[in-house]
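Peer 1: If it helps, the file is called upload_26.tsv and holds TSV, C-alpha atoms:
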```tsv
chain	number	residue	atom	x	y	z
A	267	MET	CA	0.00	0.00	0.00
A	268	LYS	CA	1.19	3.50	-0.86
A	269	GLU	CA	2.49	5.61	2.03
A	270	SER	CA	-0.10	8.32	1.33
A	271	LYS	CA	-2.95	5.78	1.63
A	272	LYS	CA	-1.44	4.37	4.82
A	273	TYR	CA	-1.21	7.85	6.25
A	274	LEU	CA	-4.81	8.59	5.25
A	275	ILE	CA	-5.94	5.57	7.29
A	276	LYS	CA	-3.67	6.57	10.17
A	277	ARG	CA	-5.12	10.09	10.08
A	278	SER	CA	-8.65	8.70	10.32
A	279	LEU	CA	-7.78	7.26	13.75
A	280	GLY	CA	-7.12	10.80	14.95
A	281	TYR	CA	-10.56	11.86	13.76
A	282	LEU	CA	-12.14	8.95	15.63
A	283	LEU	CA	-10.32	10.15	18.73
A	284	GLY	CA	-11.61	13.67	18.04
A	285	PHE	CA	-15.12	12.28	17.83
A	286	ALA	CA	-14.76	10.58	21.21
A	287	LEU	CA	-13.17	13.67	22.76
A	288	PHE	CA	-15.57	16.38	21.63
A	289	TYR	CA	-18.91	14.94	20.55
A	290	SER	CA	-21.83	13.77	22.64
A	291	PRO	CA	-22.68	11.15	23.80
A	292	PHE	CA	-18.93	10.68	24.58
A	293	THR	CA	-17.50	14.21	25.07
A	294	LEU	CA	-14.52	12.77	26.94
A	295	ILE	CA	-12.59	16.04	27.13
A	296	GLN	CA	-15.53	17.91	28.65
A	297	ARG	CA	-16.18	15.02	31.05
A	298	ILE	CA	-12.54	14.96	32.17
A	299	LEU	CA	-12.42	18.73	32.66
A	300	ILE	CA	-15.76	18.85	34.47
A	301	GLY	CA	-15.38	15.59	36.43
A	302	ILE	CA	-11.75	15.73	37.51
A	303	PHE	CA	-10.98	19.45	37.59
A	304	HIS	CA	-14.52	20.51	38.55
A	305	LEU	CA	-14.72	23.15	35.82
A	306	ASN	CA	-17.94	24.66	34.51
A	307	GLY	CA	-19.19	23.80	31.04
A	308	SER	CA	-21.64	21.74	29.04
A	309	LYS	CA	-21.11	18.14	27.97
A	310	ASN	CA	-21.72	18.68	24.27
A	311	ILE	CA	-19.97	20.35	21.34
A	312	HIS	CA	-20.98	23.77	22.71
A	313	GLY	CA	-18.74	23.07	25.69
A	314	ALA	CA	-15.83	23.06	23.24
A	315	CYS	CA	-17.09	25.81	20.97
A	316	PHE	CA	-14.79	28.63	20.06
A	317	ARG	CA	-17.71	30.94	19.22
A	318	MET	CA	-18.97	30.99	22.80
A	319	GLY	CA	-15.63	32.38	23.93
A	320	VAL	CA	-15.53	34.99	21.16
A	321	GLN	CA	-19.10	36.02	21.88
A	322	GLY	CA	-18.29	36.35	25.60
A	323	LEU	CA	-15.23	38.47	24.81
A	324	PHE	CA	-17.04	40.90	22.53
A	325	THR	CA	-20.27	41.22	24.49
A	326	GLY	CA	-18.44	42.31	27.61
A	327	LYS	CA	-18.97	39.06	29.54
A	328	GLY	CA	-15.28	38.27	29.15
A	329	ILE	CA	-13.75	34.83	28.94
A	330	SER	CA	-13.50	32.65	31.96
A	331	LEU	CA	-10.43	30.55	31.33
A	332	LEU	CA	-11.35	27.98	33.95
A	333	THR	CA	-14.23	26.53	31.96
A	334	THR	CA	-14.24	23.79	29.35
A	335	THR	CA	-14.60	26.45	26.62
A	336	GLY	CA	-11.72	28.51	28.06
A	337	ILE	CA	-9.32	25.56	28.32
A	338	ILE	CA	-10.14	24.25	24.84
A	339	MET	CA	-9.86	27.77	23.39
A	340	MET	CA	-6.39	28.14	24.93
A	341	PHE	CA	-5.39	24.74	23.51
A	342	LEU	CA	-6.53	25.80	20.03
A	343	ILE	CA	-4.73	29.15	20.21
A	344	VAL	CA	-1.42	27.76	21.52
A	345	SER	CA	-1.38	24.72	19.20
A	346	ALA	CA	-2.28	26.83	16.14
A	347	PHE	CA	0.47	29.31	16.91
A	348	LEU	CA	3.17	26.71	17.51
A	349	ILE	CA	2.34	23.82	15.17
A	350	GLY	CA	-0.44	25.10	12.91
A	351	PRO	CA	-4.14	24.23	12.86
A	352	PHE	CA	-3.60	20.92	14.67
A	353	PHE	CA	-7.29	20.56	15.57
A	354	CYS	CA	-8.45	20.87	11.92
A	355	GLY	CA	-5.82	18.54	10.54
A	356	ARG	CA	-5.94	15.82	13.19
A	357	LEU	CA	-9.11	15.97	15.28
A	358	CYS	CA	-11.98	17.72	13.49
A	359	VAL	CA	-14.54	15.09	12.54
A	360	ALA	CA	-16.80	17.53	10.67
A	361	GLY	CA	-14.05	18.34	8.17
A	362	ALA	CA	-12.90	14.73	7.97
A	363	ILE	CA	-16.35	13.38	7.04
A	364	SER	CA	-16.64	15.57	3.94
A	365	GLU	CA	-13.00	14.88	3.04
A	366	TYR	CA	-13.30	11.10	3.25
A	367	LEU	CA	-16.66	11.25	1.46
A	368	SER	CA	-15.03	13.09	-1.45
A	369	ARG	CA	-12.54	10.26	-1.86
A	370	LEU	CA	-15.43	8.00	-2.89
A	371	VAL	CA	-16.40	10.24	-5.82
A	372	PRO	CA	-14.39	10.09	-9.09
A	373	GLU	CA	-12.30	13.21	-9.67
A	374	ARG	CA	-13.92	14.04	-13.01
A	375	PHE	CA	-17.16	14.86	-11.18
A	376	GLN	CA	-15.45	17.17	-8.71
A	377	ILE	CA	-14.93	20.93	-8.79
A	378	ASN	CA	-11.65	22.52	-7.77
A	379	TRP	CA	-13.27	25.36	-5.84
A	380	GLN	CA	-10.12	26.67	-4.21
A	381	LYS	CA	-8.29	27.02	-7.53
A	382	ASN	CA	-11.10	29.01	-9.11
A	383	ILE	CA	-12.27	31.05	-6.13
A	384	ASN	CA	-9.65	32.18	-3.65
A	385	PRO	CA	-10.87	31.06	-0.22
A	386	THR	CA	-8.65	33.41	1.84
A	387	PRO	CA	-10.64	36.68	1.67
A	388	ILE	CA	-13.94	34.83	2.02
A	389	ARG	CA	-12.92	32.83	5.10
A	390	TYR	CA	-11.44	35.88	6.83
A	391	GLY	CA	-14.51	37.88	5.80
A	392	ILE	CA	-16.76	35.28	7.41
A	393	LEU	CA	-14.53	35.35	10.49
A	394	SER	CA	-14.75	39.17	10.66
A	395	GLY	CA	-18.54	39.03	10.44
A	396	PHE	CA	-18.53	36.42	13.17
A	397	VAL	CA	-16.37	38.62	15.43
A	398	VAL	CA	-18.18	41.89	14.64
A	399	SER	CA	-21.73	40.56	15.04
A	400	PRO	CA	-21.69	40.24	18.87
A	401	ILE	CA	-20.43	43.84	19.10
A	402	LEU	CA	-23.45	44.92	17.06
A	403	GLY	CA	-25.73	42.90	19.32
A	404	ILE	CA	-26.41	40.27	16.69
A	405	SER	CA	-26.17	36.52	17.16
A	406	VAL	CA	-24.53	34.33	14.58
A	407	ILE	CA	-26.65	31.25	14.96
A	408	CYS	CA	-25.28	27.73	15.19
A	409	ALA	CA	-27.42	26.15	12.49
A	410	TYR	CA	-24.90	26.89	9.74
A	411	CYS	CA	-22.13	25.27	11.74
A	412	ASN	CA	-21.21	21.81	10.56
A	413	TYR	CA	-19.87	20.84	14.03
A	414	THR	CA	-23.29	21.41	15.56
A	415	LEU	CA	-25.07	19.81	12.65
A	416	LEU	CA	-23.03	16.64	13.03
A	417	GLU	CA	-23.91	16.42	16.72
A	418	LYS	CA	-27.56	17.11	15.98
A	419	LEU	CA	-27.54	14.42	13.29
A	420	ILE	CA	-26.03	11.87	15.69
A	421	SER	CA	-28.45	12.64	18.51
A	422	GLY	CA	-31.40	12.90	16.10
A	423	LEU	CA	-30.70	9.62	14.38
A	424	THR	CA	-29.98	7.72	17.62
A	425	THR	CA	-33.26	8.89	19.18
A	426	TRP	CA	-35.18	8.72	15.86
A	427	ASP	CA	-36.02	12.42	16.12
A	428	LEU	CA	-36.18	13.04	12.39
A	429	ALA	CA	-36.98	16.75	12.79
A	430	VAL	CA	-33.23	17.24	12.55
A	431	LEU	CA	-33.42	16.36	8.87
A	432	GLY	CA	-35.53	19.41	8.04
A	433	SER	CA	-35.32	23.14	7.56
A	434	THR	CA	-31.95	24.86	7.93
A	435	ASN	CA	-30.11	21.64	8.66
A	436	ILE	CA	-30.87	20.16	5.28
A	437	ILE	CA	-29.48	23.26	3.52
A	438	THR	CA	-26.30	23.26	5.63
A	439	GLY	CA	-25.93	19.49	5.22
A	440	PHE	CA	-26.34	19.67	1.45
A	441	ILE	CA	-23.73	22.41	1.05
A	442	TRP	CA	-21.31	20.89	3.57
A	443	LEU	CA	-21.48	17.24	2.50
A	444	ILE	CA	-22.51	17.34	-1.15
A	445	LEU	CA	-21.63	20.60	-2.94
A	446	LEU	CA	-18.50	21.52	-1.02
A	447	GLY	CA	-17.82	17.99	0.23
A	448	ALA	CA	-18.27	14.95	-1.99
A	449	PHE	CA	-18.26	16.95	-5.24
A	450	ALA	CA	-15.37	19.24	-4.34
A	451	LYS	CA	-11.73	18.36	-4.93
A	452	GLY	CA	-10.19	17.62	-1.54
A	453	GLY	CA	-13.65	17.60	0.05
A	454	ARG	CA	-12.98	20.41	2.49
A	455	GLY	CA	-14.72	23.26	0.69
A	456	TYR	CA	-16.87	24.08	3.70
A	457	CYS	CA	-13.76	24.28	5.92
A	458	SER	CA	-12.01	26.48	3.34
A	459	TYR	CA	-14.75	29.06	2.99
A	460	PHE	CA	-17.02	29.01	6.02
A	461	CYS	CA	-15.28	27.73	9.14
A	462	PRO	CA	-14.40	30.58	11.54
A	463	VAL	CA	-12.53	28.22	13.89
A	464	GLY	CA	-10.24	27.16	11.05
A	465	ALA	CA	-9.79	30.77	9.93
A	466	THR	CA	-8.73	31.84	13.42
A	467	GLN	CA	-6.23	29.02	13.66
A	468	ASN	CA	-4.84	29.82	10.20
A	469	LEU	CA	-4.39	33.46	11.15
A	470	LEU	CA	-2.43	32.38	14.22
A	471	HIS	CA	-0.42	29.90	12.13
A	472	PHE	CA	0.40	32.64	9.63
A	473	VAL	CA	1.80	34.83	12.42
A	474	GLY	CA	3.52	31.91	14.19
A	475	ALA	CA	5.16	30.62	10.99
A	476	LYS	CA	7.25	33.80	10.81
A	477	LEU	CA	9.13	32.71	13.93
A	478	PRO	CA	12.01	30.23	13.66
A	479	PHE	CA	10.96	27.88	16.48
A	480	THR	CA	7.45	27.08	15.16
A	481	TYR	CA	6.46	24.20	12.88
A	482	LYS	CA	5.70	25.02	9.28
A	483	LEU	CA	5.68	23.45	5.82
A	484	LYS	CA	9.14	23.49	4.31
A	485	TYR	CA	9.93	23.04	0.66
A	486	SER	CA	13.08	21.67	-0.88
A	487	LYS	CA	13.20	22.67	-4.53
A	488	GLU	CA	16.17	20.37	-5.20
A	489	ASN	CA	14.20	17.26	-4.23
A	490	CYS	CA	11.02	18.17	-6.11
A	491	VAL	CA	10.40	16.03	-9.22
A	492	SER	CA	7.21	17.88	-10.30
A	493	CYS	CA	4.96	14.84	-9.87
A	494	LYS	CA	2.18	17.06	-8.45
A	495	LEU	CA	1.05	14.33	-6.04
A	496	CYS	CA	1.05	16.87	-3.21
A	497	VAL	CA	-1.37	19.09	-5.17
A	498	LYS	CA	-3.64	16.11	-5.83
A	499	ASP	CA	-3.66	14.88	-2.23
A	500	CYS	CA	-3.98	18.20	-0.37
A	501	PRO	CA	-7.48	18.10	1.20
A	502	MET	CA	-7.71	21.90	1.53
A	503	ARG	CA	-6.09	22.53	-1.87
A	504	ALA	CA	-3.61	24.82	-0.13
A	505	LEU	CA	-1.02	23.59	-2.59
A	506	GLN	CA	-1.92	24.48	-6.15
A	507	ASN	CA	-0.25	24.19	-9.47
A	508	SER	CA	-0.83	27.19	-11.68
A	509	ASP	CA	1.25	27.87	-14.78
A	510	ASN	CA	3.75	25.23	-13.69
A	511	THR	CA	4.30	27.01	-10.41
A	512	LEU	CA	3.73	25.30	-7.09
A	513	THR	CA	2.01	27.78	-4.81
A	514	TYR	CA	1.32	27.35	-1.13
A	515	ASN	CA	-1.46	29.20	0.62
A	516	ILE	CA	-0.61	29.17	4.32
A	517	HIS	CA	-4.04	30.67	5.10
A	518	ASN	CA	-5.73	27.53	3.88
A	519	CYS	CA	-3.33	24.87	5.20
A	520	ILE	CA	-4.53	22.65	8.06
A	521	THR	CA	-1.09	21.07	8.62
A	522	CYS	CA	-2.53	17.57	8.20
A	523	HIS	CA	0.88	16.42	6.85
A	524	GLN	CA	-0.81	14.61	3.92
A	525	CYS	CA	1.46	16.33	1.38
A	526	GLU	CA	4.54	15.28	3.35
A	527	HIS	CA	3.47	11.63	3.11
A	528	SER	CA	2.40	11.91	-0.54
A	529	CYS	CA	5.72	13.30	-1.70
A	530	PRO	CA	7.91	10.41	-2.94
A	531	LYS	CA	11.11	12.49	-2.71
A	532	LYS	CA	10.46	14.21	0.63
A	533	ALA	CA	10.55	17.64	-0.98
A	534	LEU	CA	7.85	18.76	1.45
A	535	THR	CA	8.51	18.40	5.15
A	536	PHE	CA	7.24	19.96	8.35
A	537	GLY	CA	9.75	21.38	10.75
A	538	THR	CA	11.19	24.42	12.47
A	539	GLY	CA	13.42	27.06	10.89
A	540	GLU	CA	12.97	28.74	7.52
A	541	SER	CA	10.12	27.57	5.30
A	542	ASN	CA	12.29	27.84	2.14
A	543	TRP	CA	9.43	28.97	-0.07
A	544	ASN	CA	10.69	31.34	-2.69
A	545	LYS	CA	10.64	34.80	-1.16
A	546	GLN	CA	10.84	36.48	-4.58
A	547	THR	CA	7.15	35.90	-5.32
A	548	SER	CA	4.44	38.27	-4.24
A	549	ARG	CA	2.94	38.53	-0.79
A	550	THR	CA	-0.50	40.01	-0.67
A	551	VAL	CA	-2.54	41.47	2.19
A	552	PHE	CA	-4.22	38.14	2.70
A	553	GLY	CA	-1.06	36.27	1.84
A	554	VAL	CA	-2.69	34.39	-1.02
A	555	GLU	CA	0.65	33.49	-2.43
A	556	VAL	CA	3.11	32.95	0.34
A	557	GLY	CA	5.58	31.48	-2.00
A	558	GLY	CA	5.82	29.97	-5.40
A	559	ASP	CA	8.31	27.78	-7.14
A	560	LYS	CA	8.32	26.53	-10.68
A	561	ILE	CA	7.72	22.85	-11.01
B	285	MET	CA	-5.21	45.88	-7.37
B	286	LYS	CA	-5.13	42.26	-6.21
B	287	LYS	CA	-4.96	43.44	-2.58
B	288	LEU	CA	-7.89	45.77	-3.07
B	289	LYS	CA	-9.90	43.01	-4.75
B	290	SER	CA	-9.18	40.63	-1.84
B	291	LEU	CA	-10.11	43.32	0.67
B	292	LEU	CA	-13.40	44.04	-1.11
B	293	ILE	CA	-14.24	40.33	-1.29
B	294	GLY	CA	-13.45	40.01	2.43
B	295	LEU	CA	-15.64	42.98	3.34
B	296	SER	CA	-18.48	41.65	1.19
B	297	ALA	CA	-18.22	38.23	2.84
B	298	ALA	CA	-18.26	39.90	6.27
B	299	SER	CA	-21.35	41.94	5.46
B	300	ILE	CA	-23.05	38.93	3.86
B	301	ASN	CA	-22.37	37.09	7.12
B	302	ILE	CA	-23.71	39.92	9.29
B	303	VAL	CA	-26.73	41.16	7.36
B	304	PRO	CA	-28.79	37.95	7.12
B	305	THR	CA	-28.04	37.14	10.76
B	306	ALA	CA	-29.24	40.52	12.01
B	307	THR	CA	-31.74	38.81	14.25
B	308	GLN	CA	-31.52	39.00	17.97
B	309	ILE	CA	-31.62	35.41	19.13
B	310	ILE	CA	-31.22	35.24	22.87
B	311	LYS	CA	-29.98	31.67	23.15
B	312	PRO	CA	-28.32	30.86	19.83
B	313	GLU	CA	-26.81	27.68	21.27
B	314	ARG	CA	-30.35	26.32	21.72
B	315	CYS	CA	-31.15	26.72	18.03
B	316	THR	CA	-32.07	23.31	16.64
B	317	GLY	CA	-32.04	24.47	13.05
B	318	SER	CA	-35.34	22.77	12.42
B	319	CYS	CA	-38.15	25.31	12.82
B	320	GLY	CA	-37.16	28.08	10.40
B	321	THR	CA	-39.01	30.81	12.34
B	322	CYS	CA	-35.99	33.08	12.10
B	323	GLY	CA	-36.34	32.96	8.32
B	324	PHE	CA	-33.28	30.72	7.95
B	325	SER	CA	-31.19	33.77	8.73
B	326	CYS	CA	-27.92	31.97	9.47
B	327	VAL	CA	-27.74	29.91	6.28
B	328	GLY	CA	-28.36	33.01	4.17
B	329	SER	CA	-24.66	33.79	4.10
B	330	VAL	CA	-23.61	30.24	3.25
B	331	VAL	CA	-26.23	29.84	0.53
B	332	SER	CA	-25.55	33.24	-1.07
B	333	ILE	CA	-21.76	32.75	-1.10
B	334	THR	CA	-22.12	29.26	-2.60
B	335	LEU	CA	-24.51	30.58	-5.27
B	336	LEU	CA	-22.14	33.44	-6.08
B	337	GLY	CA	-19.33	30.88	-6.27
B	338	PHE	CA	-21.31	28.84	-8.79
B	339	ILE	CA	-21.98	31.95	-10.91
B	340	ILE	CA	-18.30	32.95	-10.88
B	341	LEU	CA	-17.25	29.39	-11.70
B	342	GLY	CA	-19.73	29.19	-14.58
B	343	PHE	CA	-18.58	32.57	-15.88
B	344	LYS	CA	-14.92	31.50	-15.73
B	345	LYS	CA	-15.66	28.25	-17.58
B	346	LEU	CA	-17.62	30.08	-20.27
B	347	ARG	CA	-14.91	32.70	-20.64
B	348	THR	CA	-12.26	30.01	-21.05
B	349	LYS	CA	-14.42	28.18	-23.60
B	350	PHE	CA	-15.19	31.40	-25.47
B	351	ASN	CA	-11.54	32.49	-25.51
B	352	LEU	CA	-10.52	29.06	-26.78
B	353	SER	CA	-13.10	29.05	-29.52
B	354	ILE	CA	-12.06	32.56	-30.60
B	355	SER	CA	-8.43	31.44	-30.81
B	356	VAL	CA	-9.45	28.35	-32.84
B	357	ILE	CA	-11.40	30.57	-35.29
B	358	ARG	CA	-8.44	32.95	-35.58
B	359	ARG	CA	-6.07	30.07	-36.23
B	360	LYS	CA	-8.41	28.66	-38.88
B	361	ASN	CA	-8.71	32.07	-40.54
B	362	GLN	CA	-4.94	32.44	-40.59
B	363	THR	CA	-4.48	29.06	-42.25
```
Can the structure from this file be put into structure tokens for me?

Peer 2:
Amino acid sequence: MKESKKYLIKRSLGYLLGFALFYSPFTLIQRILIGIFHLNGSKNIHGACFRMGVQGLFTGKGISLLTTTGIIMMFLIVSAFLIGPFFCGRLCVAGAISEYLSRLVPERFQINWQKNINPTPIRYGILSGFVVSPILGISVICAYCNYTLLEKLISGLTTWDLAVLGSTNIITGFIWLILLGAFAKGGRGYCSYFCPVGATQNLLHFVGAKLPFTYKLKYSKENCVSCKLCVKDCPMRALQNSDNTLTYNIHNCITCHQCEHSCPKKALTFGTGESNWNKQTSRTVFGVEVGGDKI
Amino acid sequence: MKKLKSLLIGLSAASINIVPTATQIIKPERCTGSCGTCGFSCVGSVVSITLLGFIILGFKKLRTKFNLSISVIRRKNQT
């Protein structure tokens, strides 16, 4: 079996762990924090939700760090800054479901959304709206969130409460799993464009990657044989090939390490130090093109 | 120009995200997403951005096809 396939299976174990840690009926992380450390919080995905913390911060309630939300928020911030969006790449079940679903659909039926429509300004725009709305006294409701939808689907289907399959949920589910999931190249279209948690982590990763001691994707031009396997396997399509140039969009990378395992010559590796992407290419406000090298 | 374009897209996405959700929902975490009494306000942003994406994608495909066909006609005329 190819190393990339092996790694794909290995990665799925992380998502199963993420499911057990964050989703009801298991919610192990919330149970540990509440049961052992006697912290406040709810035993469902809302107990781990980033939005609750952001809403608290911008509505003047503040963030209580000694709650399940506070601890998980700190974990996300620190991990994203030091090693990249670890949660998205290793633990997020919502993103993984659409990604693995897309691997069942032949590529000729799939759209390369990220190549045609740059996800960076849209995802940061969505994040800005998400941050600004509590200041304006507006609530960004959870029904468009695929994390919540997944939990609602699980609880709805286990209790045969089929109301979950109606209304807003069906629209979110269709866009998340079908349009931007199964029929999107990489399968993580919803993550790329609409996930504010991912956008926050990517922003932190972008800042963190400038420091020498943080983990980042490194590129060795000498080892690259232009096979484009990394482009094909990247679930977020952060690596793209345009006009024979390999471009890397750090704002859309979930540091899942799939490209590292797909590369037969180890031209792409994760590590500390300089990223080695060609500094000669343009850097935009949203850092669309962090670096580019001809392949 | 590219920066300005990105900034405008970002601002549009932010306003698209804010405007349809301009509903005061006291306990958003209790939303089950199944009644629709809020007028599906939260999915408005997701649906409109996806629809816009489809339009842009279709336009790009057509433009590529049109440009290609023009170049084929030109080549034929030259020969």

Peer 1: Need the shell around A:Met502: protein/DNA/RNA residues with any atom at most 9 Å away, counting only C-alpha atoms. Skip same-chain ones fewer than 3 positions apart. Format as a list in words?

Peer 2: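 Contacts, with the query itself left out: Glu365, Gln380, Lys451, Gly452, Gly453, Arg454, Gly455, Cys457, Ser458, Asp499, Leu505, Asn518, Cys519 and Ile520 of chain A.
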
Peer 1: With all atoms listed in the file considered, list every residue of chain A at most 9 Å from chain B, as a PDB file with C-alpha atoms, keeping the file's coordinate frame.

Peer 2:
```pdb
ATOM      1  CA  HIS A 312     -20.980  23.770  22.710  1.00  0.00           C
ATOM      2  CA  MET A 318     -18.970  30.990  22.800  1.00  0.00           C
ATOM      3  CA  TRP A 379     -13.270  25.360  -5.840  1.00  0.00           C
ATOM      4  CA  ASN A 382     -11.100  29.010  -9.110  1.00  0.00           C
ATOM      5  CA  ILE A 383     -12.270  31.050  -6.130  1.00  0.00           C
ATOM      6  CA  ASN A 384      -9.650  32.180  -3.650  1.00  0.00           C
ATOM      7  CA  THR A 386      -8.650  33.410   1.840  1.00  0.00           C
ATOM      8  CA  PRO A 387     -10.640  36.680   1.670  1.00  0.00           C
ATOM      9  CA  ILE A 388     -13.940  34.830   2.020  1.00  0.00           C
ATOM     10  CA  ARG A 389     -12.920  32.830   5.100  1.00  0.00           C
ATOM     11  CA  TYR A 390     -11.440  35.880   6.830  1.00  0.00           C
ATOM     12  CA  GLY A 391     -14.510  37.880   5.800  1.00  0.00           C
ATOM     13  CA  ILE A 392     -16.760  35.280   7.410  1.00  0.00           C
ATOM     14  CA  LEU A 393     -14.530  35.350  10.490  1.00  0.00           C
ATOM     15  CA  SER A 394     -14.750  39.170  10.660  1.00  0.00           C
ATOM     16  CA  GLY A 395     -18.540  39.030  10.440  1.00  0.00           C
ATOM     17  CA  PHE A 396     -18.530  36.420  13.170  1.00  0.00           C
ATOM     18  CA  VAL A 398     -18.180  41.890  14.640  1.00  0.00           C
ATOM     19  CA  SER A 399     -21.730  40.560  15.040  1.00  0.00           C
ATOM     20  CA  LEU A 402     -23.450  44.920  17.060  1.00  0.00           C
ATOM     21  CA  GLY A 403     -25.730  42.900  19.320  1.00  0.00           C
ATOM     22  CA  ILE A 404     -26.410  40.270  16.690  1.00  0.00           C
ATOM     23  CA  SER A 405     -26.170  36.520  17.160  1.00  0.00           C
ATOM     24  CA  VAL A 406     -24.530  34.330  14.580  1.00  0.00           C
ATOM     25  CA  ILE A 407     -26.650  31.250  14.960  1.00  0.00           C
ATOM     26  CA  CYS A 408     -25.280  27.730  15.190  1.00  0.00           C
ATOM     27  CA  ALA A 409     -27.420  26.150  12.490  1.00  0.00           C
ATOM     28  CA  TYR A 410     -24.900  26.890   9.740  1.00  0.00           C
ATOM     29  CA  LEU A 415     -25.070  19.810  12.650  1.00  0.00           C
ATOM     30  CA  LYS A 418     -27.560  17.110  15.980  1.00  0.00           C
ATOM     31  CA  ALA A 429     -36.980  16.750  12.790  1.00  0.00           C
ATOM     32  CA  VAL A 430     -33.230  17.240  12.550  1.00  0.00           C
ATOM     33  CA  LEU A 431     -33.420  16.360   8.870  1.00  0.00           C
ATOM     34  CA  GLY A 432     -35.530  19.410   8.040  1.00  0.00           C
ATOM     35  CA  SER A 433     -35.320  23.140   7.560  1.00  0.00           C
ATOM     36  CA  THR A 434     -31.950  24.860   7.930  1.00  0.00           C
ATOM     37  CA  ASN A 435     -30.110  21.640   8.660  1.00  0.00           C
ATOM     38  CA  ILE A 436     -30.870  20.160   5.280  1.00  0.00           C
ATOM     39  CA  ILE A 437     -29.480  23.260   3.520  1.00  0.00           C
ATOM     40  CA  THR A 438     -26.300  23.260   5.630  1.00  0.00           C
ATOM     41  CA  ILE A 441     -23.730  22.410   1.050  1.00  0.00           C
ATOM     42  CA  LEU A 445     -21.630  20.600  -2.940  1.00  0.00           C
ATOM     43  CA  LEU A 446     -18.500  21.520  -1.020  1.00  0.00           C
ATOM     44  CA  TYR A 459     -14.750  29.060   2.990  1.00  0.00           C
ATOM     45  CA  PHE A 460     -17.020  29.010   6.020  1.00  0.00           C
ATOM     46  CA  THR A 550      -0.500  40.010  -0.670  1.00  0.00           C
ATOM     47  CA  VAL A 551      -2.540  41.470   2.190  1.00  0.00           C
ATOM     48  CA  PHE A 552      -4.220  38.140   2.700  1.00  0.00           C
TER      49      PHE A 552
END
```

Peer 1: Between atom CA of A:Thr335 and atom CA of A:Gln296, what is the distance in Å, rounded to a tenth?

Peer 2: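 The value is 8.8 Å.
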
Peer 1: Need the shell around A:Thr333: protein/DNA/RNA residues with any atom at most 7 Å away, counting only C-alpha atoms. Skip same-chain ones fewer than 5 positions apart. Format as a PDB file with C-alpha atoms, in the coordinates of the input?

Peer 2:
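Saved to result15.pdb:
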```
ATOM      1  CA  LEU A 305     -14.720  23.150  35.820  1.00  0.00           C
ATOM      2  CA  ASN A 306     -17.940  24.660  34.510  1.00  0.00           C
ATOM      3  CA  GLY A 307     -19.190  23.800  31.040  1.00  0.00           C
TER       4      GLY A 307
END
```

Peer 1: Extract, using all atoms listed in the file, all DNA, RNA and protein residues at most 12 Å from A:Lys271, discarding same-chain residues fewer than 6 positions from it, and format them as an MDAnalysis selection string.

Peer 2: chainID A and resid 277:278 366 369 499 524:525 527:529

Peer 1: Would you mind reading off the distance between atom CA of A:Pro291 and atom CA of A:Phe303, one decimal, in Å?

Peer 2: 19.9 Å

Peer 1: As a list in words, please: the residues near A:Tyr485 (cut-off 7 Å, all atoms listed in the file, same-chain neighbours under 6 positions excluded).

Peer 2: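 Here the qualifying residues turn out to be Ala533, Leu534, Thr535, Ser541, Asn542 and Trp543 of chain A.
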
Peer 1: Mind pulling up the distance from atom CA of A:Ala362 to atom CA of A:Tyr281?

Peer 2: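 Atom CA of A:Ala362 lies 6.9 Å from atom CA of A:Tyr281.
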